[in-house]
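Source file coords-v3.json; content: JSON, C-alpha atoms.
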```
[["chain", "number", "residue", "atom", "x", "y", "z"],
["A", 15, "MET", "CA", -72.99, 38.25, -121.65],
["A", 16, "TRP", "CA", -70.90, 37.34, -124.70],
["A", 17, "GLY", "CA", -67.44, 36.95, -123.18],
["A", 18, "LEU", "CA", -65.82, 39.34, -125.66],
["A", 19, "GLU", "CA", -63.82, 42.52, -125.94],
["A", 20, "ALA", "CA", -65.56, 45.79, -126.76],
["A", 21, "SER", "CA", -64.02, 48.80, -128.51],
["A", 22, "VAL", "CA", -65.10, 52.40, -129.05],
["A", 23, "THR", "CA", -63.57, 54.81, -131.57],
["A", 24, "VAL", "CA", -64.70, 58.44, -131.87],
["A", 25, "THR", "CA", -63.88, 61.31, -134.20],
["A", 26, "GLU", "CA", -63.47, 63.69, -131.23],
["A", 27, "PRO", "CA", -60.82, 62.29, -128.82],
["A", 28, "ALA", "CA", -62.03, 64.45, -125.92],
["A", 29, "LEU", "CA", -65.39, 62.62, -126.02],
["A", 30, "LEU", "CA", -63.96, 59.10, -125.81],
["A", 31, "GLY", "CA", -64.67, 58.71, -122.08],
["A", 32, "ALA", "CA", -68.27, 59.82, -122.43],
["A", 33, "ALA", "CA", -68.74, 57.57, -125.45],
["A", 34, "GLY", "CA", -67.34, 54.63, -123.50],
["A", 35, "ASP", "CA", -69.87, 55.19, -120.73],
["A", 36, "ILE", "CA", -72.76, 55.31, -123.22],
["A", 37, "VAL", "CA", -71.62, 52.05, -124.84],
["A", 38, "ARG", "CA", -71.19, 50.30, -121.48],
["A", 39, "ASN", "CA", -74.68, 51.36, -120.40],
["A", 40, "ALA", "CA", -76.24, 50.17, -123.67],
["A", 41, "VAL", "CA", -74.53, 46.79, -123.45],
["A", 42, "ALA", "CA", -75.46, 46.43, -119.77],
["A", 43, "GLU", "CA", -79.14, 47.11, -120.53],
["A", 44, "VAL", "CA", -79.20, 44.45, -123.26],
["A", 45, "ASP", "CA", -77.31, 42.02, -121.01],
["A", 46, "LEU", "CA", -79.79, 42.46, -118.17],
["A", 47, "ALA", "CA", -82.68, 41.87, -120.54],
["A", 48, "CYS", "CA", -81.62, 38.70, -122.34],
["A", 49, "SER", "CA", -78.45, 37.07, -121.05],
["A", 50, "ARG", "CA", -78.60, 33.28, -120.67],
["A", 51, "PHE", "CA", -75.57, 33.48, -118.38],
["A", 52, "ARG", "CA", -76.98, 35.39, -115.40],
["A", 53, "GLU", "CA", -79.86, 34.29, -113.20],
["A", 54, "ASP", "CA", -81.19, 37.81, -112.69],
["A", 55, "SER", "CA", -81.71, 38.58, -116.39],
["A", 56, "GLU", "CA", -85.28, 39.08, -117.55],
["A", 57, "LEU", "CA", -84.95, 36.10, -119.89],
["A", 58, "MET", "CA", -83.86, 33.69, -117.16],
["A", 59, "ARG", "CA", -86.43, 34.96, -114.67],
["A", 60, "LEU", "CA", -89.34, 34.69, -117.08],
["A", 61, "GLN", "CA", -88.35, 31.60, -119.07],
["A", 62, "PRO", "CA", -90.04, 29.08, -116.72],
["A", 63, "GLN", "CA", -93.39, 30.91, -117.10],
["A", 64, "MET", "CA", -93.23, 31.65, -120.84],
["A", 65, "ALA", "CA", -95.40, 28.68, -121.81],
["A", 66, "ARG", "CA", -98.26, 30.31, -119.89],
["A", 67, "GLY", "CA", -97.63, 33.78, -121.29],
["A", 68, "VAL", "CA", -95.60, 36.58, -119.71],
["A", 69, "SER", "CA", -95.39, 40.35, -119.86],
["A", 70, "ILE", "CA", -92.03, 41.63, -121.09],
["A", 71, "SER", "CA", -90.19, 44.93, -120.84],
["A", 72, "PRO", "CA", -89.82, 47.33, -123.80],
["A", 73, "MET", "CA", -86.15, 46.39, -124.17],
["A", 74, "PHE", "CA", -86.87, 42.67, -124.19],
["A", 75, "ARG", "CA", -89.63, 43.22, -126.73],
["A", 76, "LEU", "CA", -87.28, 45.21, -128.96],
["A", 77, "LEU", "CA", -84.62, 42.49, -128.82],
["A", 78, "LEU", "CA", -87.13, 39.74, -129.55],
["A", 79, "GLU", "CA", -88.70, 41.69, -132.42],
["A", 80, "ARG", "CA", -85.26, 42.23, -133.96],
["A", 81, "ALA", "CA", -84.47, 38.52, -133.50],
["A", 82, "LEU", "CA", -87.68, 37.63, -135.34],
["A", 83, "ASP", "CA", -86.73, 40.12, -138.07],
["A", 84, "ALA", "CA", -83.43, 38.23, -138.45],
["A", 85, "ALA", "CA", -85.31, 34.95, -138.71],
["A", 86, "ARG", "CA", -87.60, 36.32, -141.43],
["A", 87, "MET", "CA", -84.85, 37.91, -143.53],
["A", 88, "THR", "CA", -82.82, 34.66, -143.48],
["A", 89, "GLY", "CA", -85.70, 32.26, -144.10],
["A", 90, "GLY", "CA", -85.35, 30.86, -140.58],
["A", 91, "ASP", "CA", -81.59, 30.16, -140.79],
["A", 92, "VAL", "CA", -81.16, 32.41, -137.74],
["A", 93, "ASP", "CA", -83.60, 31.16, -135.10],
["A", 94, "PRO", "CA", -83.91, 32.65, -131.58],
["A", 95, "THR", "CA", -85.40, 29.44, -130.09],
["A", 96, "LEU", "CA", -82.26, 27.27, -129.94],
["A", 97, "GLY", "CA", -81.45, 27.77, -126.26],
["A", 98, "ALA", "CA", -82.32, 24.18, -125.32],
["A", 99, "ASP", "CA", -80.18, 22.81, -128.17],
["A", 100, "LEU", "CA", -77.18, 24.88, -127.09],
["A", 101, "ALA", "CA", -77.63, 23.75, -123.49],
["A", 102, "ALA", "CA", -77.83, 20.11, -124.62],
["A", 103, "LEU", "CA", -74.49, 20.59, -126.37],
["A", 104, "GLY", "CA", -72.97, 21.96, -123.18],
["A", 105, "HIS", "CA", -73.12, 25.69, -123.94],
["A", 106, "GLY", "CA", -75.01, 27.53, -121.25],
["A", 107, "PRO", "CA", -74.76, 28.98, -117.74],
["A", 108, "GLY", "CA", -71.58, 27.78, -116.09],
["A", 109, "THR", "CA", -69.55, 27.60, -119.32],
["A", 110, "GLN", "CA", -68.93, 31.33, -119.80],
["A", 111, "GLY", "CA", -65.23, 31.95, -119.30],
["A", 112, "SER", "CA", -64.54, 28.22, -119.09],
["A", 113, "PRO", "CA", -61.08, 27.08, -120.25],
["A", 114, "GLY", "CA", -62.90, 24.63, -122.54],
["A", 115, "LEU", "CA", -64.57, 27.44, -124.52],
["A", 116, "THR", "CA", -61.90, 28.64, -126.92],
["A", 117, "SER", "CA", -61.08, 29.95, -130.38],
["A", 118, "VAL", "CA", -59.11, 27.45, -132.45],
["A", 119, "PRO", "CA", -58.07, 27.34, -136.11],
["A", 120, "VAL", "CA", -60.09, 24.91, -138.16],
["A", 121, "PRO", "CA", -57.59, 22.48, -139.75],
["A", 122, "PRO", "CA", -57.33, 23.06, -143.52],
["A", 123, "GLN", "CA", -59.27, 20.44, -145.41],
["A", 124, "PRO", "CA", -57.23, 18.35, -147.88],
["A", 125, "VAL", "CA", -58.28, 18.07, -151.50],
["A", 126, "SER", "CA", -59.50, 14.53, -152.14],
["A", 127, "SER", "CA", -61.02, 12.76, -155.11],
["A", 128, "GLN", "CA", -62.82, 10.40, -152.77],
["A", 129, "PRO", "CA", -66.36, 11.31, -151.66],
["A", 130, "VAL", "CA", -66.60, 12.50, -148.07],
["A", 131, "PRO", "CA", -68.76, 10.11, -146.00],
["A", 132, "GLN", "CA", -71.98, 11.75, -144.91],
["A", 133, "HIS", "CA", -73.35, 11.13, -141.44],
["A", 134, "PRO", "CA", -77.12, 10.80, -141.26],
["A", 135, "LEU", "CA", -78.95, 13.74, -139.75],
["A", 136, "PRO", "CA", -82.26, 13.65, -137.90],
["A", 137, "ALA", "CA", -85.38, 14.62, -139.78],
["A", 138, "PRO", "CA", -85.82, 18.41, -140.13],
["A", 139, "ARG", "CA", -88.18, 19.87, -137.55],
["A", 140, "ALA", "CA", -90.71, 22.69, -137.57],
["A", 141, "PRO", "CA", -89.15, 26.18, -137.25],
["A", 142, "GLY", "CA", -89.24, 27.20, -133.60],
["A", 143, "TRP", "CA", -89.36, 30.94, -134.24],
["A", 144, "SER", "CA", -92.65, 30.62, -136.14],
["A", 145, "ARG", "CA", -94.26, 29.04, -133.06],
["A", 146, "LEU", "CA", -93.73, 32.05, -130.80],
["A", 147, "LYS", "CA", -96.73, 34.24, -130.00],
["A", 148, "LEU", "CA", -95.88, 37.89, -129.38],
["A", 149, "GLY", "CA", -98.99, 39.91, -128.72],
["A", 150, "ALA", "CA", -99.52, 43.49, -127.66],
["A", 151, "GLY", "CA", -99.16, 42.60, -123.99],
["A", 152, "THR", "CA", -97.73, 39.10, -123.69],
["A", 153, "LEU", "CA", -95.16, 36.66, -125.05],
["A", 154, "THR", "CA", -95.92, 32.94, -125.19],
["A", 155, "VAL", "CA", -93.20, 30.38, -125.92],
["A", 156, "PRO", "CA", -94.05, 26.66, -126.32],
["A", 157, "ALA", "CA", -92.83, 24.58, -123.40],
["A", 158, "ASP", "CA", -90.36, 22.60, -125.53],
["A", 159, "LEU", "CA", -88.50, 25.74, -126.66],
["A", 160, "ARG", "CA", -85.97, 27.97, -124.91],
["A", 161, "LEU", "CA", -85.00, 31.42, -126.16],
["A", 162, "ASP", "CA", -81.44, 32.37, -127.02],
["A", 163, "LEU", "CA", -81.19, 35.94, -128.31],
["A", 164, "GLY", "CA", -77.42, 36.15, -127.99],
["A", 165, "ALA", "CA", -76.28, 36.65, -131.59],
["A", 166, "SER", "CA", -78.91, 39.14, -132.73],
["A", 167, "ALA", "CA", -78.91, 40.92, -129.36],
["A", 168, "LYS", "CA", -75.17, 41.57, -129.63],
["A", 169, "ALA", "CA", -75.71, 43.16, -133.02],
["A", 170, "VAL", "CA", -78.63, 45.24, -131.74],
["A", 171, "ALA", "CA", -76.49, 46.34, -128.79],
["A", 172, "ALA", "CA", -73.81, 47.59, -131.22],
["A", 173, "ASP", "CA", -76.42, 49.46, -133.26],
["A", 174, "LEU", "CA", -78.00, 50.99, -130.15],
["A", 175, "ALA", "CA", -74.66, 51.95, -128.62],
["A", 176, "ALA", "CA", -73.35, 53.66, -131.77],
["A", 177, "ALA", "CA", -76.61, 55.52, -132.37],
["A", 178, "GLY", "CA", -76.84, 56.54, -128.71],
["A", 179, "ALA", "CA", -73.30, 57.91, -128.60],
["A", 180, "TYR", "CA", -73.83, 59.92, -131.79],
["A", 181, "ARG", "CA", -77.19, 61.23, -130.58],
["A", 182, "GLU", "CA", -75.83, 62.38, -127.22],
["A", 183, "LEU", "CA", -72.36, 63.57, -128.24],
["A", 184, "GLY", "CA", -72.74, 64.60, -131.88],
["A", 185, "CYS", "CA", -69.44, 63.03, -132.99],
["A", 186, "GLY", "CA", -68.79, 60.09, -135.27],
["A", 187, "VAL", "CA", -68.48, 56.76, -133.45],
["A", 188, "LEU", "CA", -67.51, 53.20, -134.30],
["A", 189, "VAL", "CA", -68.50, 50.50, -131.78],
["A", 190, "GLY", "CA", -67.06, 47.00, -131.86],
["A", 191, "LEU", "CA", -68.56, 44.10, -129.91],
["A", 192, "GLY", "CA", -66.59, 41.01, -130.79],
["A", 193, "GLY", "CA", -67.12, 40.47, -134.50],
["A", 194, "ASP", "CA", -69.85, 43.12, -134.75],
["A", 195, "LEU", "CA", -69.00, 46.69, -135.80],
["A", 196, "ALA", "CA", -71.57, 49.49, -136.02],
["A", 197, "SER", "CA", -70.98, 53.13, -136.88],
["A", 198, "ALA", "CA", -73.01, 56.32, -136.57],
["A", 199, "GLY", "CA", -72.40, 59.93, -137.46],
["A", 200, "PRO", "CA", -69.59, 61.29, -139.65],
["A", 201, "GLY", "CA", -66.42, 59.32, -140.27],
["A", 202, "PRO", "CA", -62.87, 60.44, -139.42],
["A", 203, "HIS", "CA", -61.67, 63.50, -141.33],
["A", 204, "GLU", "CA", -59.49, 62.97, -144.37],
["A", 205, "ASP", "CA", -58.00, 66.07, -146.00],
["A", 206, "GLY", "CA", -60.35, 68.25, -144.00],
["A", 207, "ARG", "CA", -63.49, 66.33, -145.01],
["A", 208, "PRO", "CA", -65.38, 63.48, -143.30],
["A", 209, "GLY", "CA", -64.03, 60.19, -144.59],
["A", 210, "HIS", "CA", -64.51, 56.45, -144.09],
["A", 211, "TRP", "CA", -63.69, 54.17, -141.18],
["A", 212, "GLN", "CA", -60.55, 52.09, -141.78],
["A", 213, "ILE", "CA", -61.10, 48.50, -140.66],
["A", 214, "MET", "CA", -59.07, 45.30, -140.87],
["A", 215, "VAL", "CA", -61.23, 42.23, -141.43],
["A", 216, "GLN", "CA", -59.69, 39.04, -140.06],
["A", 217, "ASP", "CA", -60.96, 36.20, -137.88],
["A", 218, "LEU", "CA", -58.00, 34.44, -136.22],
["A", 219, "PRO", "CA", -54.40, 35.72, -136.61],
["A", 220, "ALA", "CA", -53.43, 33.04, -139.16],
["A", 221, "ASP", "CA", -56.43, 33.78, -141.40],
["A", 222, "PRO", "CA", -56.28, 35.96, -144.53],
["A", 223, "ALA", "CA", -56.64, 39.64, -143.67],
["A", 224, "GLN", "CA", -58.09, 42.54, -145.59],
["A", 225, "TYR", "CA", -58.27, 46.27, -144.98],
["A", 226, "ILE", "CA", -61.48, 48.02, -145.98],
["A", 227, "SER", "CA", -62.90, 51.52, -145.82],
["A", 228, "LEU", "CA", -66.42, 51.45, -144.41],
["A", 229, "ALA", "CA", -68.78, 54.29, -145.21],
["A", 230, "PRO", "CA", -70.09, 56.16, -142.13],
["A", 231, "GLY", "CA", -73.42, 54.89, -140.85],
["A", 232, "PHE", "CA", -72.84, 51.31, -142.01],
["A", 233, "ALA", "CA", -71.92, 48.12, -140.18],
["A", 234, "VAL", "CA", -69.85, 44.94, -140.58],
["A", 235, "ALA", "CA", -70.36, 41.63, -138.78],
["A", 236, "THR", "CA", -68.23, 38.49, -138.86],
["A", 237, "SER", "CA", -69.52, 35.03, -137.91],
["A", 238, "SER", "CA", -67.00, 32.28, -137.26],
["A", 239, "THR", "CA", -66.90, 28.51, -136.83],
["A", 240, "GLN", "CA", -63.44, 28.87, -135.26],
["A", 241, "LYS", "CA", -64.60, 30.80, -132.21],
["A", 242, "ARG", "CA", -66.66, 29.59, -129.27],
["A", 243, "ARG", "CA", -65.66, 25.98, -129.75],
["A", 244, "TRP", "CA", -65.72, 23.35, -127.04],
["A", 245, "LYS", "CA", -65.71, 19.59, -126.65],
["A", 246, "HIS", "CA", -69.01, 17.75, -126.24],
["A", 247, "GLN", "CA", -68.87, 14.01, -125.69],
["A", 248, "GLY", "CA", -65.37, 13.90, -127.13],
["A", 249, "THR", "CA", -66.18, 15.90, -130.29],
["A", 250, "GLN", "CA", -65.33, 19.52, -130.93],
["A", 251, "VAL", "CA", -68.42, 21.60, -131.66],
["A", 252, "HIS", "CA", -69.14, 25.28, -132.34],
["A", 253, "HIS", "CA", -71.99, 27.61, -131.38],
["A", 254, "ILE", "CA", -73.69, 28.29, -134.74],
["A", 255, "LEU", "CA", -76.49, 25.75, -135.03],
["A", 256, "ASP", "CA", -78.52, 24.62, -138.01],
["A", 257, "PRO", "CA", -82.10, 25.22, -136.77],
["A", 258, "ARG", "CA", -83.42, 22.31, -138.83],
["A", 259, "PHE", "CA", -81.55, 19.82, -136.66],
["A", 260, "GLY", "CA", -80.39, 21.71, -133.55],
["A", 261, "LEU", "CA", -76.79, 20.71, -134.31],
["A", 262, "PRO", "CA", -73.67, 22.72, -135.24],
["A", 263, "ALA", "CA", -73.69, 23.74, -138.91],
["A", 264, "GLU", "CA", -71.13, 22.03, -141.11],
["A", 265, "PRO", "CA", -68.00, 24.26, -141.02],
["A", 266, "VAL", "CA", -67.86, 24.89, -144.78],
["A", 267, "TRP", "CA", -66.81, 28.45, -143.94],
["A", 268, "ARG", "CA", -64.15, 29.37, -141.41],
["A", 269, "SER", "CA", -65.69, 32.82, -141.27],
["A", 270, "VAL", "CA", -68.17, 35.04, -143.10],
["A", 271, "SER", "CA", -68.13, 38.85, -142.97],
["A", 272, "VAL", "CA", -71.06, 40.93, -144.21],
["A", 273, "ALA", "CA", -71.42, 44.70, -144.63],
["A", 274, "ALA", "CA", -74.93, 46.16, -144.35],
["A", 275, "PRO", "CA", -76.82, 49.30, -143.30],
["A", 276, "THR", "CA", -77.27, 47.88, -139.75],
["A", 277, "CYS", "CA", -75.31, 45.49, -137.61],
["A", 278, "LEU", "CA", -78.48, 43.41, -137.13],
["A", 279, "GLU", "CA", -78.69, 42.77, -140.89],
["A", 280, "ALA", "CA", -74.95, 42.12, -141.20],
["A", 281, "ASN", "CA", -74.98, 39.66, -138.29],
["A", 282, "ALA", "CA", -78.11, 37.87, -139.53],
["A", 283, "PHE", "CA", -76.69, 37.28, -143.00],
["A", 284, "SER", "CA", -73.21, 36.30, -141.82],
["A", 285, "THR", "CA", -74.71, 33.76, -139.40],
["A", 286, "ALA", "CA", -77.12, 32.44, -142.03],
["A", 287, "ALA", "CA", -74.24, 31.93, -144.48],
["A", 288, "ILE", "CA", -72.53, 29.61, -141.99],
["A", 289, "VAL", "CA", -75.78, 27.65, -141.74],
["A", 290, "ARG", "CA", -76.35, 27.46, -145.52],
["A", 291, "GLY", "CA", -72.79, 26.42, -146.35],
["A", 292, "PHE", "CA", -71.91, 26.44, -150.05],
["A", 293, "ALA", "CA", -75.45, 27.49, -150.98],
["A", 294, "ALA", "CA", -74.75, 30.88, -149.36],
["A", 295, "LEU", "CA", -72.69, 32.00, -152.34],
["A", 296, "ASP", "CA", -75.53, 31.83, -154.88],
["A", 297, "TRP", "CA", -77.94, 33.31, -152.33],
["A", 298, "PHE", "CA", -75.68, 36.28, -151.61],
["A", 299, "ARG", "CA", -74.97, 36.87, -155.30],
["A", 300, "THR", "CA", -78.65, 36.78, -156.18],
["A", 301, "GLU", "CA", -79.60, 39.16, -153.36],
["A", 302, "GLY", "CA", -76.61, 41.48, -153.84],
["A", 303, "ILE", "CA", -75.40, 40.98, -150.27],
["A", 304, "THR", "CA", -71.95, 42.48, -149.67],
["A", 305, "ALA", "CA", -69.86, 39.72, -148.13],
["A", 306, "ARG", "CA", -66.47, 38.04, -147.75],
["A", 307, "LEU", "CA", -66.43, 34.28, -147.14],
["A", 308, "VAL", "CA", -63.34, 32.30, -146.09],
["A", 309, "ASP", "CA", -63.65, 28.57, -146.66],
["A", 310, "SER", "CA", -62.17, 25.68, -144.70],
["A", 311, "ARG", "CA", -58.99, 25.80, -146.82],
["A", 312, "GLY", "CA", -58.49, 29.55, -146.30],
["A", 313, "ARG", "CA", -59.69, 30.56, -149.76],
["A", 314, "VAL", "CA", -61.61, 33.84, -150.04],
["A", 315, "ALA", "CA", -64.80, 34.44, -152.03],
["A", 316, "THR", "CA", -66.60, 37.77, -152.24],
["A", 317, "THR", "CA", -70.11, 38.83, -153.24],
["A", 318, "GLY", "CA", -71.98, 42.07, -153.80],
["A", 319, "GLY", "CA", -69.80, 45.16, -153.55],
["A", 320, "TRP", "CA", -67.07, 43.59, -151.41],
["A", 321, "PRO", "CA", -63.63, 44.19, -152.99],
["A", 322, "ALA", "CA", -61.86, 40.96, -153.95],
["A", 323, "GLU", "CA", -58.27, 41.83, -153.05],
["A", 324, "THR", "CA", -56.80, 40.45, -149.81],
["A", 325, "CYS", "CA", -53.65, 41.55, -148.12],
["A", 326, "ASN", "CA", -51.31, 40.83, -145.21],
["A", 327, "PRO", "CA", -51.97, 42.53, -141.86],
["A", 328, "GLY", "CA", -48.91, 44.74, -142.35],
["A", 329, "GLY", "CA", -50.29, 46.61, -145.35],
["A", 330, "SER", "CA", -53.36, 48.62, -146.23],
["A", 331, "THR", "CA", -55.29, 48.70, -149.45],
["A", 332, "GLY", "CA", -58.18, 50.89, -148.34],
["A", 333, "GLU", "CA", -60.85, 49.25, -150.52],
["A", 334, "SER", "CA", -64.11, 51.13, -150.02],
["A", 335, "ILE", "CA", -67.43, 49.53, -149.09],
["A", 336, "THR", "CA", -70.80, 51.23, -149.16],
["A", 337, "PRO", "CA", -73.33, 48.39, -148.78],
["A", 338, "GLY", "CA", -76.77, 48.59, -150.26],
["A", 339, "GLY", "CA", -79.02, 47.61, -153.10],
["A", 340, "GLY", "CA", -79.58, 43.97, -152.21],
["A", 341, "GLY", "CA", -83.02, 42.45, -151.96],
["A", 342, "HIS", "CA", -82.24, 40.79, -148.64],
["A", 343, "GLY", "CA", -85.21, 38.47, -148.98]]
```
Rewritten as structure tokens:
Amino acid sequence: MWGLEASVTVTEPALLGAAGDIVRNAVAEVDLACSRFREDSELMRLQPQMARGVSISPMFRLLLERALDAARMTGGDVDPTLGADLAALGHGPGTQGSPGLTSVPVPPQPVSSQPVPQHPLPAPRAPGWSRLKLGAGTLTVPADLRLDLGASAKAVAADLAAAGAYRELGCGVLVGLGGDLASAGPGPHEDGRPGHWQIMVQDLPADPAQYISLAPGFAVATSSTQKRRWKHQGTQVHHILDPRFGLPAEPVWRSVSVAAPTCLEANAFSTAAIVRGFAALDWFRTEGITARLVDSRGRVATTGGWPAETCNPGGSTGESITPGGGGHG
């Protein structure tokens, strides 16, 4: 569904195989419900009839409800109705695994005293997510909209997989799906006591790296303008769109990482920060959101409880993160 690598780490090595099976099954169930890249998914089968109203499965409903939660908590910066815009930019069925869909470093932006020319944007449009009608029995989507639940669904899949493995096996588990990491249960033992998960946060290999200690039961998500890039009509574009215009957000940030109680929240805020650009800093500081933002010149800014120190991949600083306390409005 997402064309990414998955990882599973458990506190009981003997349970790794069983945990891997649980994670694969959780991801497969989400994929079958909402993938835009397979014709037999529930999303692709029902999409042509959604303007007339359709009945949806419990899993699809869960994924859509969580996507709408992400839209609400980000003021519409994360919108699940951008499928048609992504397709118009050349990102859709047939492009998954294409040599043209790559991760590339964003060239560092030079410091200039001259104003950067601004290209006119189309007039902002009405939020698509607010036009959906999700009733007790049916979902209705206006004919001019197409759903794309990819980003939030990946985060939900990580949350579901980690929680499912812990519930069934009773051990601590850390699940990674691309840039989304979710944990459940106790952390690895340190000096005979449950400790934190040790994680390196880094987007592409040349980007600044940082080691953190994540409290058990929390999550980290990283959104990037360097990954999932392709050429459209001779111009390189990326997959994070500004819902106001249906166009790729300005790449103010190379990447944004957020720590939160759930992967859904972390993914929603990291994606929204890409969309908001420089305004994300004041927003995150006001709301107490725990985040690390890397700008187009490779400079790092942190908000909330995220430790400021960065380090090279060869070392470990073990800064501890226990997200919480933000308003997340």
Could you jot down the atom CA of A:Arg160 to atom CA of A:Ile254 separation for me, Å, one decimal place?
-> 15.7 Å
Atomic separation - atom CA of A:Ala167 relative to atom CA of A:Ser69, Å | 19.0 Å
Using all atoms listed in the file, the best pick from A:Asp93, A:Asp205, A:Asp35, A:Asp194 as closest to A:Arg145 would be A:Asp93
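Closest approach to A:Glu43 among A:Leu161, A:Leu76, A:Leu60, A:Ala84: A:Leu76, based on only C-alpha atoms.
In this comparison, which uses all atoms listed in the file, the residue of A:Asp173, A:Glu53, A:Asp256, A:Glu204 approaching A:Leu96 most closely is A:Asp256.
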Listed atoms of stretch 269-288 of chain A boxed axis-aligned with 3 Å per side, centre + edges as AutoDock Vina command-line options:
```
--center_x -72.2 --center_y 39.5 --center_z -140.9 --size_x 19.0 --size_y 25.7 --size_z 13.5
```
Could you model N, CA, C and O atoms for stretch 262-273 of chain A and present them as an mmCIF file, in the frame of the given file?
```cif
data_model
loop_
_atom_site.group_PDB
_atom_site.id
_atom_site.type_symbol
_atom_site.label_atom_id
_atom_site.label_comp_id
_atom_site.auth_asym_id
_atom_site.auth_seq_id
_atom_site.Cartn_x
_atom_site.Cartn_y
_atom_site.Cartn_z
ATOM 1 N N PRO A 262 -74.579 21.762 -134.618
ATOM 2 C CA PRO A 262 -73.670 22.720 -135.240
ATOM 3 C C PRO A 262 -73.679 22.593 -136.764
ATOM 4 O O PRO A 262 -73.655 21.484 -137.308
ATOM 5 N N ALA A 263 -73.729 23.733 -137.446
ATOM 6 C CA ALA A 263 -73.690 23.740 -138.910
ATOM 7 C C ALA A 263 -72.350 23.190 -139.385
ATOM 8 O O ALA A 263 -71.315 23.362 -138.730
ATOM 9 N N GLU A 264 -72.371 22.532 -140.537
ATOM 10 C CA GLU A 264 -71.130 22.030 -141.110
ATOM 11 C C GLU A 264 -70.179 23.202 -141.352
ATOM 12 O O GLU A 264 -70.579 24.205 -141.955
ATOM 13 N N PRO A 265 -68.922 23.114 -140.897
ATOM 14 C CA PRO A 265 -68.000 24.260 -141.020
ATOM 15 C C PRO A 265 -67.424 24.412 -142.417
ATOM 16 O O PRO A 265 -66.213 24.385 -142.633
ATOM 17 N N VAL A 266 -68.301 24.605 -143.412
ATOM 18 C CA VAL A 266 -67.860 24.890 -144.780
ATOM 19 C C VAL A 266 -67.036 26.175 -144.791
ATOM 20 O O VAL A 266 -66.008 26.274 -145.470
ATOM 21 N N TRP A 267 -67.496 27.166 -144.018
ATOM 22 C CA TRP A 267 -66.810 28.450 -143.940
ATOM 23 C C TRP A 267 -66.113 28.600 -142.603
ATOM 24 O O TRP A 267 -66.712 28.354 -141.555
ATOM 25 N N ARG A 268 -64.853 29.013 -142.642
ATOM 26 C CA ARG A 268 -64.150 29.370 -141.410
ATOM 27 C C ARG A 268 -64.775 30.635 -140.818
ATOM 28 O O ARG A 268 -64.953 30.757 -139.605
ATOM 29 N N SER A 269 -65.070 31.585 -141.713
ATOM 30 C CA SER A 269 -65.690 32.820 -141.270
ATOM 31 C C SER A 269 -66.424 33.469 -142.432
ATOM 32 O O SER A 269 -66.089 33.233 -143.596
ATOM 33 N N VAL A 270 -67.421 34.268 -142.105
ATOM 34 C CA VAL A 270 -68.170 35.040 -143.100
ATOM 35 C C VAL A 270 -68.339 36.448 -142.551
ATOM 36 O O VAL A 270 -68.801 36.633 -141.415
ATOM 37 N N SER A 271 -67.956 37.449 -143.344
ATOM 38 C CA SER A 271 -68.130 38.850 -142.970
ATOM 39 C C SER A 271 -69.116 39.489 -143.936
ATOM 40 O O SER A 271 -69.025 39.277 -145.148
ATOM 41 N N VAL A 272 -70.036 40.270 -143.398
ATOM 42 C CA VAL A 272 -71.060 40.930 -144.210
ATOM 43 C C VAL A 272 -71.104 42.408 -143.840
ATOM 44 O O VAL A 272 -71.039 42.767 -142.660
ATOM 45 N N ALA A 273 -71.214 43.264 -144.846
ATOM 46 C CA ALA A 273 -71.420 44.700 -144.630
ATOM 47 C C ALA A 273 -72.861 45.032 -144.984
ATOM 48 O O ALA A 273 -73.388 44.549 -145.996
#
```
